[in-house]
$ cat my_file-v3.txt   # compact mmCIF, C-alpha atoms
# COMPACT_ATOMS: atom_id res chain seq x y z
CA MET A 1 0.00 0.00 0.00
CA GLY A 2 1.11 3.56 -0.69
CA THR A 3 1.68 6.27 1.85
CA ALA A 4 -1.53 7.59 3.36
CA LEU A 5 -2.51 11.03 2.14
CA PRO A 6 -3.30 13.87 4.57
CA LEU A 7 -7.05 13.88 3.94
CA ASP A 8 -7.62 10.13 3.75
CA GLY A 9 -10.97 9.43 5.40
CA VAL A 10 -12.31 12.96 4.93
CA LYS A 11 -15.61 12.93 3.02
CA VAL A 12 -16.51 15.93 0.85
CA VAL A 13 -19.90 16.38 -0.82
CA ASP A 14 -19.49 18.71 -3.79
CA PHE A 15 -22.47 20.52 -5.31
CA SER A 16 -20.32 22.90 -7.38
CA GLN A 17 -19.70 23.13 -11.10
CA PHE A 18 -17.62 24.87 -13.77
CA LEU A 19 -14.32 25.91 -12.16
CA ALA A 20 -14.13 27.73 -8.82
CA GLY A 21 -15.78 25.02 -6.70
CA PRO A 22 -14.39 22.06 -8.65
CA TYR A 23 -10.88 23.56 -8.43
CA CYS A 24 -11.31 23.80 -4.66
CA THR A 25 -12.50 20.21 -4.31
CA MET A 26 -9.80 19.01 -6.71
CA GLN A 27 -7.21 20.32 -4.25
CA LEU A 28 -8.92 18.36 -1.47
CA ALA A 29 -9.24 15.24 -3.62
CA ASP A 30 -5.56 15.37 -4.60
CA LEU A 31 -4.76 15.40 -0.87
CA GLY A 32 -6.76 12.21 -0.38
CA ALA A 33 -10.31 13.35 0.42
CA ASP A 34 -13.20 11.27 -0.89
CA VAL A 35 -14.98 13.88 -3.02
CA ILE A 36 -18.49 12.90 -4.07
CA LYS A 37 -19.58 15.17 -6.90
CA VAL A 38 -23.35 15.59 -6.99
CA GLU A 39 -24.58 16.27 -10.54
CA ARG A 40 -27.93 16.56 -12.23
CA PRO A 41 -29.11 13.57 -14.27
CA GLY A 42 -28.95 13.94 -18.03
CA GLY A 43 -26.34 16.67 -18.21
CA GLY A 44 -24.29 17.00 -15.06
CA ASP A 45 -21.79 19.78 -14.48
CA ASP A 46 -22.12 22.35 -17.29
CA ALA A 47 -18.38 21.97 -17.88
CA ARG A 48 -19.21 18.58 -19.44
CA ASP A 49 -20.54 20.54 -22.43
CA MET A 50 -17.24 22.35 -23.04
CA GLY A 51 -14.82 21.30 -25.77
CA PRO A 52 -12.59 19.80 -26.83
CA ARG A 53 -14.37 16.46 -26.86
CA VAL A 54 -12.56 13.13 -27.12
CA ALA A 55 -14.61 9.95 -27.56
CA GLY A 56 -17.67 12.04 -26.71
CA GLU A 57 -16.31 13.21 -23.36
CA SER A 58 -15.32 16.78 -22.47
CA TYR A 59 -11.58 17.10 -21.95
CA SER A 60 -12.20 20.42 -20.18
CA PHE A 61 -14.26 18.60 -17.55
CA GLN A 62 -11.34 16.25 -16.93
CA ALA A 63 -8.99 19.01 -15.78
CA PRO A 64 -10.52 20.04 -12.41
CA ASN A 65 -12.46 16.86 -11.64
CA ARG A 66 -9.85 14.11 -11.35
CA ASN A 67 -9.78 11.96 -8.20
CA LYS A 68 -13.54 12.40 -7.63
CA ARG A 69 -16.64 10.21 -7.71
CA SER A 70 -19.90 11.21 -9.42
CA ILE A 71 -23.47 10.64 -8.27
CA ALA A 72 -26.37 11.92 -10.33
CA ILE A 73 -29.32 13.13 -8.22
CA ASP A 74 -32.36 15.12 -9.32
CA LEU A 75 -32.57 17.85 -6.68
CA ARG A 76 -35.87 19.14 -8.05
CA GLY A 77 -37.84 16.48 -6.20
CA ASP A 78 -38.28 15.72 -2.51
CA ALA A 79 -36.71 12.27 -2.85
CA GLY A 80 -33.54 13.67 -4.45
CA ARG A 81 -33.25 16.39 -1.86
CA GLY A 82 -33.65 13.79 0.84
CA LEU A 83 -30.78 11.78 -0.62
CA ALA A 84 -28.65 14.92 -0.75
CA ARG A 85 -29.33 15.62 2.92
CA GLU A 86 -28.36 12.05 3.79
CA LEU A 87 -25.06 12.49 1.96
CA ILE A 88 -24.44 15.74 3.81
CA ALA A 89 -25.23 14.10 7.16
CA GLY A 90 -22.30 11.72 6.65
CA ALA A 91 -19.90 14.35 5.30
CA ASP A 92 -17.08 16.32 6.87
CA VAL A 93 -17.19 19.06 4.23
CA VAL A 94 -19.78 20.45 1.83
CA VAL A 95 -18.94 22.77 -1.06
CA GLU A 96 -21.63 24.44 -3.16
CA SER A 97 -21.60 27.13 -5.84
CA PHE A 98 -25.30 27.85 -6.32
CA ARG A 99 -26.44 31.45 -6.59
CA PRO A 100 -27.10 32.71 -3.04
CA GLY A 101 -30.49 31.52 -1.83
CA VAL A 102 -30.74 28.46 -4.12
CA ALA A 103 -29.21 25.97 -1.67
CA ASP A 104 -31.63 27.21 0.99
CA ARG A 105 -34.60 26.75 -1.36
CA LEU A 106 -33.41 23.20 -2.06
CA GLY A 107 -33.27 22.48 1.67
CA ILE A 108 -29.52 21.82 1.61
CA GLY A 109 -28.26 25.23 2.73
CA TYR A 110 -26.21 25.60 5.90
CA ALA A 111 -29.19 26.91 7.86
CA ALA A 112 -31.04 23.67 7.12
CA VAL A 113 -28.25 21.11 7.54
CA GLY A 114 -25.87 22.82 9.96
CA PRO A 115 -27.84 22.35 13.21
CA ALA A 116 -27.99 18.57 12.70
CA SER A 117 -24.28 18.38 11.80
CA PRO A 118 -22.41 20.66 14.20
CA ASP A 119 -19.01 19.35 13.02
CA LEU A 120 -19.75 20.11 9.36
CA VAL A 121 -17.49 22.51 7.44
CA TYR A 122 -19.76 24.08 4.82
CA CYS A 123 -18.38 26.35 2.10
CA SER A 124 -20.42 28.46 -0.33
CA ILE A 125 -18.69 29.95 -3.40
CA SER A 126 -20.51 32.62 -5.40
CA GLY A 127 -19.86 35.60 -7.60
CA PHE A 128 -20.32 38.30 -4.97
CA GLY A 129 -20.79 36.51 -1.63
CA GLN A 130 -23.79 35.84 0.56
CA THR A 131 -24.13 39.41 1.85
CA GLY A 132 -24.08 42.90 0.37
CA PRO A 133 -26.33 44.82 -2.05
CA ILE A 134 -25.51 42.72 -5.13
CA SER A 135 -25.07 39.32 -3.49
CA ARG A 136 -27.95 37.75 -5.43
CA ARG A 137 -26.55 38.67 -8.84
CA PRO A 138 -25.13 35.86 -10.98
CA GLY A 139 -21.39 36.24 -11.36
CA PHE A 140 -18.77 34.54 -13.50
CA ASP A 141 -15.02 35.08 -13.71
CA ILE A 142 -15.10 37.74 -16.41
CA ILE A 143 -17.73 39.71 -14.44
CA ALA A 144 -15.56 39.62 -11.32
CA GLN A 145 -12.47 40.56 -13.35
CA GLY A 146 -14.29 43.58 -14.71
CA MET A 147 -15.67 44.67 -11.34
CA GLY A 148 -12.39 43.97 -9.54
CA GLY A 149 -10.35 46.32 -11.72
CA PHE A 150 -8.38 43.58 -13.47
CA MET A 151 -9.52 44.43 -16.98
CA ARG A 152 -8.41 48.05 -16.59
CA MET A 153 -4.94 47.09 -15.36
CA THR A 154 -4.28 44.36 -17.91
CA GLY A 155 -3.08 44.88 -21.49
CA GLU A 156 -1.19 47.70 -23.17
CA PRO A 157 -1.46 51.34 -22.06
CA GLY A 158 -4.40 53.07 -23.73
CA GLY A 159 -5.81 49.80 -25.06
CA ALA A 160 -9.24 48.25 -24.63
CA PRO A 161 -9.97 46.37 -21.37
CA VAL A 162 -8.33 42.94 -21.37
CA LYS A 163 -9.06 40.00 -19.09
CA VAL A 164 -6.26 38.03 -17.46
CA GLY A 165 -5.35 35.04 -19.63
CA VAL A 166 -6.58 32.50 -17.06
CA ALA A 167 -9.82 32.51 -15.03
CA ILE A 168 -8.00 34.30 -12.24
CA THR A 169 -10.94 35.03 -9.92
CA ASP A 170 -12.37 31.52 -10.28
CA LEU A 171 -9.00 30.01 -9.42
CA ALA A 172 -8.34 32.47 -6.59
CA ALA A 173 -11.76 31.69 -5.12
CA GLY A 174 -11.09 27.95 -5.35
CA LEU A 175 -7.70 28.27 -3.67
CA ASN A 176 -9.04 30.53 -0.91
CA ALA A 177 -11.91 28.12 -0.35
CA SER A 178 -9.59 25.14 0.00
CA ILE A 179 -7.33 27.03 2.42
CA ALA A 180 -10.33 28.13 4.51
CA ILE A 181 -11.78 24.60 4.54
CA LEU A 182 -8.49 23.12 5.72
CA ALA A 183 -8.19 25.81 8.41
CA ALA A 184 -11.75 25.13 9.58
CA TYR A 185 -11.06 21.40 9.63
CA VAL A 186 -7.94 21.91 11.76
CA HIS A 187 -10.04 24.09 14.09
CA ARG A 188 -12.51 21.20 14.39
CA LEU A 189 -9.72 18.71 15.09
CA ARG A 190 -8.52 20.93 17.92
CA GLY A 191 -11.85 20.66 19.67
CA GLY A 192 -13.84 23.33 17.90
CA SER A 193 -17.02 22.85 15.94
CA GLY A 194 -17.71 23.03 12.24
CA GLN A 195 -18.47 26.37 10.62
CA TYR A 196 -19.78 28.17 7.55
CA ILE A 197 -17.42 29.67 4.95
CA ASP A 198 -18.49 32.37 2.47
CA ILE A 199 -16.17 32.87 -0.53
CA SER A 200 -16.80 35.21 -3.46
CA LEU A 201 -15.04 35.56 -6.81
CA LEU A 202 -14.95 39.35 -6.43
CA ASP A 203 -13.38 39.18 -2.95
CA ALA A 204 -10.87 36.55 -4.06
CA GLY A 205 -9.80 38.61 -7.05
CA ILE A 206 -9.44 41.80 -5.05
CA GLY A 207 -7.50 39.80 -2.47
CA LEU A 208 -4.78 39.28 -5.10
CA THR A 209 -4.24 43.00 -5.71
CA VAL A 210 -1.58 43.38 -3.03
CA TRP A 211 0.79 45.88 -4.69
CA GLU A 212 -2.09 47.71 -6.32
CA SER A 213 -3.84 48.21 -2.98
CA ALA A 214 -0.65 49.59 -1.45
CA ALA A 215 -0.33 52.14 -4.25
CA TYR A 216 -4.00 53.10 -3.92
CA PHE A 217 -4.16 53.32 -0.12
CA GLY A 218 -0.72 54.88 0.25
CA GLY A 219 -0.64 57.25 -2.69
CA GLY A 220 -4.10 57.44 -4.22
CA GLU A 221 -2.84 55.75 -7.40
CA ASP A 222 -5.28 54.02 -9.72
CA ALA A 223 -3.75 50.88 -11.26
CA THR A 224 -3.78 51.14 -15.05
CA ALA A 225 -2.56 48.91 -17.85
CA THR A 226 1.23 48.83 -18.20
CA GLY A 227 1.72 45.94 -20.60
CA SER A 228 4.28 43.57 -19.12
CA ARG A 229 5.91 46.28 -17.01
CA HIS A 230 5.94 46.35 -13.22
CA ARG A 231 4.41 49.53 -11.84
CA LYS A 232 7.15 50.23 -9.29
CA ILE A 233 10.31 48.50 -10.57
CA ALA A 234 12.33 48.80 -13.79
CA PRO A 235 13.55 46.98 -15.74
CA TYR A 236 11.06 44.27 -14.90
CA GLN A 237 9.18 43.30 -18.06
CA ALA A 238 9.33 41.52 -21.40
CA PHE A 239 11.53 42.97 -24.14
CA PRO A 240 11.60 42.17 -27.86
CA THR A 241 14.54 40.20 -29.22
CA SER A 242 15.46 39.44 -32.82
CA ASP A 243 13.15 36.40 -32.85
CA GLY A 244 10.73 36.78 -29.95
CA TYR A 245 10.67 38.15 -26.40
CA VAL A 246 12.72 37.78 -23.25
CA THR A 247 11.78 38.70 -19.68
CA VAL A 248 14.17 40.61 -17.45
CA GLY A 249 13.81 40.89 -13.68
CA ALA A 250 16.56 43.32 -12.70
CA ASN A 251 14.51 44.51 -9.76
CA ASN A 252 17.19 45.88 -7.44
CA GLN A 253 20.28 48.03 -7.78
CA LYS A 254 22.79 45.17 -7.85
CA LEU A 255 20.88 43.22 -10.50
CA TRP A 256 20.46 46.39 -12.57
CA GLU A 257 24.19 46.95 -12.59
CA VAL A 258 25.00 43.33 -13.37
CA PHE A 259 22.39 43.30 -16.14
CA CYS A 260 23.95 46.34 -17.79
CA THR A 261 27.59 45.35 -17.40
CA GLN A 262 27.58 41.58 -17.83
CA VAL A 263 24.49 40.86 -19.93
CA LEU A 264 24.20 43.89 -22.20
CA GLU A 265 27.87 44.91 -21.97
CA ARG A 266 26.72 48.50 -21.50
CA PRO A 267 28.55 49.76 -18.38
CA ASP A 268 27.57 53.30 -19.30
CA LEU A 269 23.91 52.77 -18.44
CA PRO A 270 24.17 52.45 -14.64
CA GLN A 271 26.49 55.47 -14.58
CA ARG A 272 23.90 57.80 -16.11
CA THR A 273 22.13 60.00 -13.60
CA GLU A 274 18.70 59.54 -15.19
CA TYR A 275 18.88 55.81 -14.38
CA ALA A 276 20.65 56.11 -11.01
CA THR A 277 17.86 54.73 -8.79
CA VAL A 278 14.77 52.56 -9.07
CA THR A 279 12.63 55.69 -8.84
CA ASP A 280 14.64 57.35 -11.63
CA ARG A 281 14.23 54.32 -13.86
CA ILE A 282 10.47 54.14 -13.26
CA THR A 283 10.11 57.88 -13.89
CA ARG A 284 11.84 57.46 -17.27
CA VAL A 285 10.56 53.98 -18.04
CA ASP A 286 9.52 54.79 -21.64
CA GLN A 287 13.00 56.06 -22.44
CA LEU A 288 14.62 53.14 -20.60
CA GLU A 289 12.48 50.57 -22.43
CA ALA A 290 13.37 52.06 -25.79
CA GLU A 291 17.13 51.98 -25.05
CA LEU A 292 17.12 48.46 -23.69
CA SER A 293 14.91 47.17 -26.52
CA ALA A 294 17.34 48.55 -29.11
CA VAL A 295 20.13 46.46 -27.60
CA LEU A 296 18.09 43.31 -26.98
CA ARG A 297 16.76 43.28 -30.56
CA GLU A 298 20.31 42.63 -31.77
CA HIS A 299 20.27 38.93 -30.80
CA PRO A 300 17.77 36.07 -30.46
CA THR A 301 15.96 35.12 -27.26
CA GLU A 302 18.13 32.07 -26.62
CA HIS A 303 21.27 34.24 -26.67
CA TRP A 304 19.91 36.61 -24.04
CA ALA A 305 18.41 33.88 -21.88
CA ALA A 306 21.82 32.20 -21.71
CA ARG A 307 23.58 35.45 -20.82
CA LEU A 308 21.03 36.32 -18.15
CA ASP A 309 21.42 32.88 -16.61
CA SER A 310 25.22 33.07 -16.70
CA ALA A 311 25.17 36.46 -14.98
CA GLY A 312 22.65 35.37 -12.35
CA VAL A 313 20.03 37.89 -13.47
CA PRO A 314 16.45 36.52 -13.40
CA GLY A 315 15.04 36.25 -16.90
CA GLY A 316 13.90 33.83 -19.55
CA PRO A 317 12.08 33.28 -22.83
CA VAL A 318 8.44 34.26 -23.35
CA LEU A 319 6.89 30.97 -24.46
CA THR A 320 3.60 29.90 -25.94
CA TYR A 321 1.50 27.66 -23.72
CA ALA A 322 2.37 24.66 -25.88
CA GLU A 323 6.08 25.43 -25.48
CA ALA A 324 5.67 25.93 -21.74
CA MET A 325 4.05 22.51 -21.33
CA GLN A 326 6.91 20.81 -23.20
CA GLN A 327 9.70 22.22 -21.03
CA GLU A 328 11.91 19.63 -19.38
CA GLN A 329 11.62 21.53 -16.09
CA VAL A 330 7.83 21.24 -16.16
CA LEU A 331 7.90 17.56 -17.07
CA ARG A 332 10.57 16.65 -14.51
CA ARG A 333 8.54 18.34 -11.78
CA GLY A 334 5.54 16.12 -12.54
CA MET A 335 3.31 18.92 -13.77
CA VAL A 336 1.86 16.64 -16.46
CA ALA A 337 0.13 13.52 -15.16
CA GLN A 338 -1.52 10.71 -17.09
CA VAL A 339 -4.33 8.45 -15.90
CA PRO A 340 -6.63 5.95 -17.64
CA HIS A 341 -10.21 6.91 -18.48
CA PRO A 342 -12.87 4.31 -19.37
CA THR A 343 -13.97 6.13 -22.54
CA ILE A 344 -11.16 8.42 -23.62
CA GLY A 345 -8.25 6.12 -22.86
CA ASP A 346 -5.21 7.77 -21.32
CA VAL A 347 -6.01 11.30 -20.12
CA ARG A 348 -3.35 13.92 -19.49
CA VAL A 349 -4.03 16.47 -16.76
CA LEU A 350 -1.95 18.92 -14.77
CA GLY A 351 -0.06 17.42 -11.87
CA PRO A 352 -0.31 18.70 -8.28
CA VAL A 353 1.69 21.84 -7.55
CA ALA A 354 2.80 20.99 -3.99
CA LYS A 355 5.69 18.58 -3.59
CA MET A 356 5.64 17.29 -0.01
CA SER A 357 8.32 15.14 1.57
CA ARG A 358 5.89 12.65 3.12
CA THR A 359 2.39 13.11 1.71
CA THR A 360 2.64 14.58 -1.78
CA PRO A 361 -0.77 15.01 -3.47
CA THR A 362 -1.38 12.51 -6.27
CA VAL A 363 -3.50 12.08 -9.37
CA ARG A 364 -5.05 8.66 -8.81
CA SER A 365 -8.03 8.59 -11.17
CA ALA A 366 -9.52 10.46 -14.10
CA ALA A 367 -12.67 12.55 -13.82
CA PRO A 368 -15.71 10.28 -13.41
CA LEU A 369 -18.36 9.54 -15.98
CA LEU A 370 -21.67 11.19 -15.08
CA GLY A 371 -23.31 9.18 -12.30
CA ALA A 372 -20.65 6.47 -12.47
CA ASP A 373 -20.62 6.03 -8.69
CA THR A 374 -24.34 6.48 -7.96
CA ASP A 375 -24.93 2.85 -6.95
CA ALA A 376 -21.77 2.62 -4.84
CA VAL A 377 -22.41 5.86 -2.98
CA LEU A 378 -26.05 5.01 -2.24
CA ALA A 379 -25.02 1.57 -1.04
CA GLU A 380 -22.52 3.19 1.32
CA ILE A 381 -25.31 5.16 3.02
CA GLY A 382 -27.42 2.04 3.47
CA TYR A 383 -29.60 1.58 0.40
CA SER A 384 -30.21 -1.87 -1.10
CA ASN A 385 -30.04 -2.75 -4.77
CA ALA A 386 -33.83 -2.77 -4.85
CA ASP A 387 -33.96 0.71 -3.31
CA ILE A 388 -31.47 2.02 -5.84
CA SER A 389 -33.40 0.49 -8.74
CA ALA A 390 -36.55 2.15 -7.46
CA PHE A 391 -34.81 5.51 -7.28
CA ARG A 392 -33.57 5.02 -10.81
CA ASP A 393 -36.97 4.00 -12.15
CA ALA A 394 -38.46 7.14 -10.55
CA GLY A 395 -35.81 9.36 -12.15
CA THR A 396 -34.47 10.43 -8.76
CA VAL A 397 -30.97 9.19 -9.60
CA ALA A 398 -29.15 8.23 -12.76

$ encode --input "my_file-v3.txt" --output "structure tokens"
Amino acid sequence: MGTALPLDGVKVVDFSQFLAGPYCTMQLADLGADVIKVERPGGGDDARDMGPRVAGESYSFQAPNRNKRSIAIDLRGDAGRGLARELIAGADVVVESFRPGVADRLGIGYAAVGPASPDLVYCSISGFGQTGPISRRPGFDIIAQGMGGFMRMTGEPGGAPVKVGVAITDLAAGLNASIAILAAYVHRLRGGSGQYIDISLLDAGIGLTVWESAAYFGGGEDATATGSRHRKIAPYQAFPTSDGYVTVGANNQKLWEVFCTQVLERPDLPQRTEYATVTDRITRVDQLEAELSAVLREHPTEHWAARLDSAGVPGGPVLTYAEAMQQEQVLRRGMVAQVPHPTIGDVRVLGPVAKMSRTTPTVRSAAPLLGADTDAVLAEIGYSNADISAFRDAGTVA
């Protein structure tokens, strides 16, 4: 037998879909939790409709739903809601991403199930949270990016609003939810009770704006688009080369001087008064970018990446996603995992980020087929084969 994982024996009932909630429960599943994904019969998680499709199955659904089990329950009827409450009664954690108020109407909100399960850790993930004047609005990642200021601070100066290339508020909400759930579970282990957790995409996105908040609170500055530049440090951005782009992170005085003298072979640059300090370089960042770009355009990216590395200055090539996923560093670190799937065959997914000396998270199984574990899960909570057949005949489960 393999080494036990940290969350072995922890049961999670997951009513979430798309990305924020599933990303949260994926983290828990990777750490060993038994995540039971509750989906609607006939369609399941809406992410199952997203392409690309392989052998009729959504590859997008595979990404955040590995290591989980699926049970299909119709929550529109009393029987299905009763089954859901039975699952919750035996759970350590519940995660849901309904619009605020929906879980309560279904009879599976924290107010309904919490009193009977005082040890339960219950987490709701929504666009804007459970409180506040717009809490009942539907909210997706792009809405939260727009309302959180991200689309005004991303892209080139003077350009149209641009969203971050990944679903940043979804992912931030999922990560914050998993951290909060683990903290609440530790609290419970130390003798405390369960508790309710309220996570919103908007809060989670704004929670990432650490430097931007400092500039706003400390100096009244409104974060605007700066391309790849840092707002307070220079040079710290991507520069064009003869065949692509290279990033440079000369973010302190020593690195600036080494960059100029050893990488660019331009010892005159750090001696010029207009570039003497970090503040000077930020003040004249347009001029600085133009001068550095003129030099860096003289050679290809590989040339500059090698020189940066030799000099000990942080930097590297600007890759496409396909190139990034083929890097030896990424592959050696186990960031691409492969598991068998009953329909698709071998499925490739991202590997766990954390590498732990004793209990490293693992990818043990592919995302489940819709309702694949319905019979097994119902049997675990005491239902006979005849009971399960009756539920299926009535359309309560699938």

$ closest_residue --input "my_file-v3.txt" --among "A:Trp304, A:Phe18, A:Phe61, A:Tyr185" --to "Leu369 (chain A)" --atoms "all atoms listed in the file"
A:Phe61

$ residues_around --input "my_file-v3.txt" --residues "Val353 (chain A)" --least-positions-apart "2" --cutoff "9 Å" --atoms "all atoms listed in the file" --output "count of residues only"
7

$ residues_around --input "my_file-v3.txt" --residues "region 89-102 of chain A" --least-positions-apart "4" --cutoff "8 Å" --atoms "only C-alpha atoms" --output "VMD selection string"
chain A and resid 10 to 17 21 25 85 106 109 113 116 to 117 119 to 127 129 to 130 135 to 138 181

$ atom_distance --input "my_file-v3.txt" --atom1 "CA of Gly316 (chain A)" --atom2 "CA of Phe239 (chain A)"
10.5 Å

$ atom_distance --input "my_file-v3.txt" --atom1 "CA of Val162 (chain A)" --atom2 "CA of Glu302 (chain A)"
29.1 Å

$ atom_distance --input "my_file-v3.txt" --atom1 "CA of Arg307 (chain A)" --atom2 "CA of Val336 (chain A)"
29.1 Å

$ closest_residue --input "my_file-v3.txt" --among "A:Gly44, A:Pro352, A:Pro314, A:Pro22" --to "Ala398 (chain A)" --atoms "all atoms listed in the file"
A:Gly44

$ closest_residue --input "my_file-v3.txt" --among "A:Gln62, A:Ser228, A:Thr320, A:Thr279" --to "Gly244 (chain A)" --atoms "all atoms listed in the file"
A:Thr320

$ closest_residue --input "my_file-v3.txt" --among "A:Thr277, A:Thr283, A:Ser293, A:Asn67" --to "Gly32 (chain A)" --atoms "all atoms listed in the file"
A:Asn67

$ residues_around --input "my_file-v3.txt" --residues "region 258-266 of chain A" --least-positions-apart "6" --cutoff "12 Å" --atoms "only C-alpha atoms" --output "PyMOL selection string"
chain A and resi 234-236+248-252+272+275+288+291-299+303-315

$ closest_residue --input "my_file-v3.txt" --among "A:Val278, A:Met26, A:Leu182, A:Val285" --to "Ala63 (chain A)" --atoms "all atoms listed in the file"
A:Met26

$ residues_around --input "my_file-v3.txt" --residues "Leu75 (chain A)" --least-positions-apart "5" --cutoff "12 Å" --atoms "all atoms listed in the file" --output "PyMOL selection string"
chain A and resi 15+38-41+44+80-85+102-103+105-108+395-398

$ residues_near_point --input "my_file-v3.txt" --point "(-14.6, 8.0, -3.0)" --cutoff "6 Å" --atoms "all atoms listed in the file" --output "CSV table (one decimal) with C-alpha atoms, keeping the file's coordinate frame"
chain,number,residue,atom,x,y,z
A,34,ASP,CA,-13.2,11.3,-0.9
A,35,VAL,CA,-15.0,13.9,-3.0
A,69,ARG,CA,-16.6,10.2,-7.7

$ closest_residue --input "my_file-v3.txt" --among "A:Leu175, A:Ala72, A:Ala160, A:Ile199" --to "Ala225 (chain A)" --atoms "only C-alpha atoms"
A:Ala160

$ residues_around --input "my_file-v3.txt" --residues "Thr224 (chain A)" --least-positions-apart "6" --cutoff "12 Å" --atoms "all atoms listed in the file" --output "PyMOL selection string"
chain A and resi 149-162+212+215-216+230-231

$ axis_aligned_box --input "my_file-v3.txt" --around "region 156-166 of chain A" --padding-each-side "8 Å" --output "lines of an AutoDock Vina configuration file"
center_x = -5.6
center_y = 42.8
center_z = -21.1
size_x = 24.8
size_y = 36.6
size_z = 24.0

$ residues_near_point --input "my_file-v3.txt" --point "(-17.4, 35.4, -7.3)" --cutoff "8 Å" --atoms "all atoms listed in the file" --output "JSON, numbers by chain"
{"A": [125, 126, 127, 128, 129, 139, 140, 141, 144, 169, 170, 173, 199, 200, 201, 202, 203, 204]}

$ write_last_selection --input "my_file-v3.txt" --atoms "C-alpha atoms" --output "mmCIF file, keeping the file's coordinate frame"
data_model
loop_
_atom_site.group_PDB
_atom_site.id
_atom_site.type_symbol
_atom_site.label_atom_id
_atom_site.label_comp_id
_atom_site.auth_asym_id
_atom_site.auth_seq_id
_atom_site.Cartn_x
_atom_site.Cartn_y
_atom_site.Cartn_z
ATOM 1 C CA ILE A 125 -18.690 29.950 -3.400
ATOM 2 C CA SER A 126 -20.510 32.620 -5.400
ATOM 3 C CA GLY A 127 -19.860 35.600 -7.600
ATOM 4 C CA PHE A 128 -20.320 38.300 -4.970
ATOM 5 C CA GLY A 129 -20.790 36.510 -1.630
ATOM 6 C CA GLY A 139 -21.390 36.240 -11.360
ATOM 7 C CA PHE A 140 -18.770 34.540 -13.500
ATOM 8 C CA ASP A 141 -15.020 35.080 -13.710
ATOM 9 C CA ALA A 144 -15.560 39.620 -11.320
ATOM 10 C CA THR A 169 -10.940 35.030 -9.920
ATOM 11 C CA ASP A 170 -12.370 31.520 -10.280
ATOM 12 C CA ALA A 173 -11.760 31.690 -5.120
ATOM 13 C CA ILE A 199 -16.170 32.870 -0.530
ATOM 14 C CA SER A 200 -16.800 35.210 -3.460
ATOM 15 C CA LEU A 201 -15.040 35.560 -6.810
ATOM 16 C CA LEU A 202 -14.950 39.350 -6.430
ATOM 17 C CA ASP A 203 -13.380 39.180 -2.950
ATOM 18 C CA ALA A 204 -10.870 36.550 -4.060
#

$ decode --input "my_file-v3.txt" --residues "region 23-44 of chain A" --atoms "C-alpha atoms" --output "PDB file, in the first residue's frame"
ATOM      1  CA  TYR A  23     -10.882  23.560  -8.431  1.00  0.00           C
ATOM      2  CA  CYS A  24     -11.314  23.798  -4.656  1.00  0.00           C
ATOM      3  CA  THR A  25     -12.502  20.213  -4.306  1.00  0.00           C
ATOM      4  CA  MET A  26      -9.802  19.014  -6.714  1.00  0.00           C
ATOM      5  CA  GLN A  27      -7.211  20.316  -4.247  1.00  0.00           C
ATOM      6  CA  LEU A  28      -8.922  18.356  -1.470  1.00  0.00           C
ATOM      7  CA  ALA A  29      -9.235  15.235  -3.622  1.00  0.00           C
ATOM      8  CA  ASP A  30      -5.560  15.370  -4.595  1.00  0.00           C
ATOM      9  CA  LEU A  31      -4.762  15.395  -0.866  1.00  0.00           C
ATOM     10  CA  GLY A  32      -6.756  12.212  -0.377  1.00  0.00           C
ATOM     11  CA  ALA A  33     -10.311  13.346   0.418  1.00  0.00           C
ATOM     12  CA  ASP A  34     -13.204  11.273  -0.892  1.00  0.00           C
ATOM     13  CA  VAL A  35     -14.980  13.877  -3.021  1.00  0.00           C
ATOM     14  CA  ILE A  36     -18.495  12.898  -4.067  1.00  0.00           C
ATOM     15  CA  LYS A  37     -19.576  15.170  -6.902  1.00  0.00           C
ATOM     16  CA  VAL A  38     -23.351  15.590  -6.993  1.00  0.00           C
ATOM     17  CA  GLU A  39     -24.585  16.273 -10.537  1.00  0.00           C
ATOM     18  CA  ARG A  40     -27.929  16.564 -12.229  1.00  0.00           C
ATOM     19  CA  PRO A  41     -29.113  13.574 -14.270  1.00  0.00           C
ATOM     20  CA  GLY A  42     -28.955  13.939 -18.028  1.00  0.00           C
ATOM     21  CA  GLY A  43     -26.342  16.667 -18.208  1.00  0.00           C
ATOM     22  CA  GLY A  44     -24.286  17.002 -15.059  1.00  0.00           C
TER      23      GLY A  44
END
